[in-house]
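J.: Can you keep this structure in mind? I'll have questions shortly.
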Protein chains: 2
Amino acid sequence: MPRDDHQRNSERSSDRIRQVRRLIQDRQERERTGLFATEGVRPIVQAFEHDWEIETLIAAPELLESPLGRSLVRQGRRAGIPVLELTAESFRGLAVAEEPQGIAAVARQRWETLPETQPTSGLCWVALETVQSPGNLGSIVRTSEAVGGAGLLLIGGAIDPYQPAVVRASMGALFAQRLVRTSPAELAAWKQRTGGLLVGTSPGARTDYREVRYEPPLVLCMGWERQGLSRKVYSLCDVMVRIPMVGESDSLNLAVATGVMLYEIFNQRRAV
Amino acid sequence: MPRDDHQRNSERSSDRIRQVRRLIQDRQERERTGLFATEGVRPIVQAFEHDWEIETLIAAPELLESPLGRSLVRQGRRAGIPVLELTAESFRGLAVAEEPQGIAAVARQRWETLPETQPTSGLCWVALETVQSPGNLGSIVRTSEAVGGAGLLLIGGAIDPYQPAVVRASMGALFAQRLVRTSPAELAAWKQRTGGLLVGTSPGARTDYREVRYEPPLVLCMGWERQGLSRKVYSLCDVMVRIPMVGESDSLNLAVATGVMLYEIFNQRRAV
């Protein structure tokens, strides 16, 4: 290859690395482009399986020991996806994982709107307004996928489910869940149209969470740990339920509370 | 105060700051001294309420806006606990929290041994061998406290529940729970002596977690997410149960799985 081409290639590659780094670090960049970055074999397997649009695969052959990981790269190449090959060092500079597996991807975000979703799809929807910890959000996605939940309704703009820590904590489940960005007004219209049940949770609610029959269409509204649900969402809820506690704690971890609620709903459904 | 005293005081204070920093950062230092450090109003309220031995209170009056926090410092002084006063800057250098509340404490670790615990105390014990994330461990402690669990049996030496991220994620619940360091052999002897039930969890187990009647004395053994329970602990379990899943995930987040198990046990008990 003539020197000029070499140089151009290497410049192009540095540009791509910078872009991936921005997608990892910067929410605005993710929103401007509609893209996000993810790393590790498992999430990328899930992304392929659920037909996510992958823009670029990034591979560090020296690190990519997993045969499954290597076959993903081959599969990507066959599908015409550009593959950016990096040295182990460059990849480590980019990777968030402590022990990077040598594979990452830039993929297109996938959003649905509330009016276009099927109200009764899945076990139920989980609605969230704010979440402090990306790890919690990822765990919630993971639990929702495990019980056959439809996905997440994200009310307002506070939550970015495409940040790397969320995708990672979801263990790839994000790629098997639906993501809807919505608003209290849209949720009110949805409720009117579908006759769906909106259930909110609050440590101070009167109704025990096991006293309610959870029937679809169903939205489970989980508030932010400190503040609870916003007044707008609270007022949309048909019933507020409490997960009982006997200790001195006044709340559970948000991901744990969501897990307890989702398994109650799941258990009621599978008992039928 | 004469200049020499001033200097000696300031040296002593720097020494104390260094010691606190070591207790925050270094497990070996925590084990050597039997001490640990914690910060924030809520955990320290809990430590006082449950009579933990507090060696030193650390206060930054400029940051300590909470009236409850200030009264903790007064309470400590009255009880003869040394109070190390720091500038906001020094305190921020020490604090792990993003928005430090201006109060921290050095306290003595509290450990029990399995033979001395009351087998039927609390709802049940949660036994853990390894936990990857301190946030998960803290959440487990928080859930255990919420359902009236006795505390944690830590099998082997892998887990340090006194690391700051665990205490913080427990939201102070750690101070209301009992901590036991134990071994498979001791657990076997305990089982023999008390006739207690050991329940293990595994995604591949045949028994649905809701098919078991959970009666005290009861130990719930939660394995490490990737590896599951060690062979030794596995062979001690009377029954292995599965939390059913319908998605592609093969496991839940450890704190979520523990929460689902603990609420099943709690619901069975409170339904009686």
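Ligands are numbered from 1 in the order shown, residues from 1 within each chain, and chains are lettered A, B, ... in the order they appear in the structure tokens.
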Could you list the residues in chain A lying within 6 Å of chain B, using only C-alpha atoms, and format the result as a list in words?
T.: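 Selected residues: Glu145, Ala146, Val147, Gly148, Met245, Val246, Gly247, Ser249, Val256, Gly259 and Val260 of chain A.
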J.: Per DSSP on the backbone, what are the alpha helix (DSSP H) residues of stretch 186-237 of chain B, as a list in words?
T.: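 Those in stretch 186-237 of chain B that DSSP calls alpha helix (DSSP H) are Glu186, Leu187, Ala188, Ala189, Trp190, Lys191, Gln192, Arg193, Thr194, Arg231, Lys232, Val233, Tyr234, Ser235 and Leu236 of chain B.
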J.: Using only C-alpha atoms, which protein or nucleic acid residues come within 12 Å of B:Cys221? Drop anything in the same chain fewer than 6 positions from it, and give the result as a PyMOL selection string.
T.: chain B and resi 124-130+152-155+184+187+197-202+228-230+232-241+254+257-258+261-262
J.: Quick check for you: according to DSSP on this backbone, which residues of stretch 7-228 of chain A are classed as strand (DSSP E or B)? Reply as an NGL selection string.
T.: :A and (35-39 or 54-59 or 83-85 or 103-108 or 112 or 125-128 or 151-155 or 178-182 or 197-201 or 207-208 or 218-222 or 224 or 228)
J.: Expressed in Å to a single decimal, how great is the separation between atom CA of B:Ser13 and atom CA of B:Val73?
T.: 17.3 Å
J.: Give me the residues near B:Gln163 as a count of residues only, where near means some atom within 12 Å (using only C-alpha atoms) and where sequence neighbours in that chain fewer than 6 positions away do not count.
T.: 26
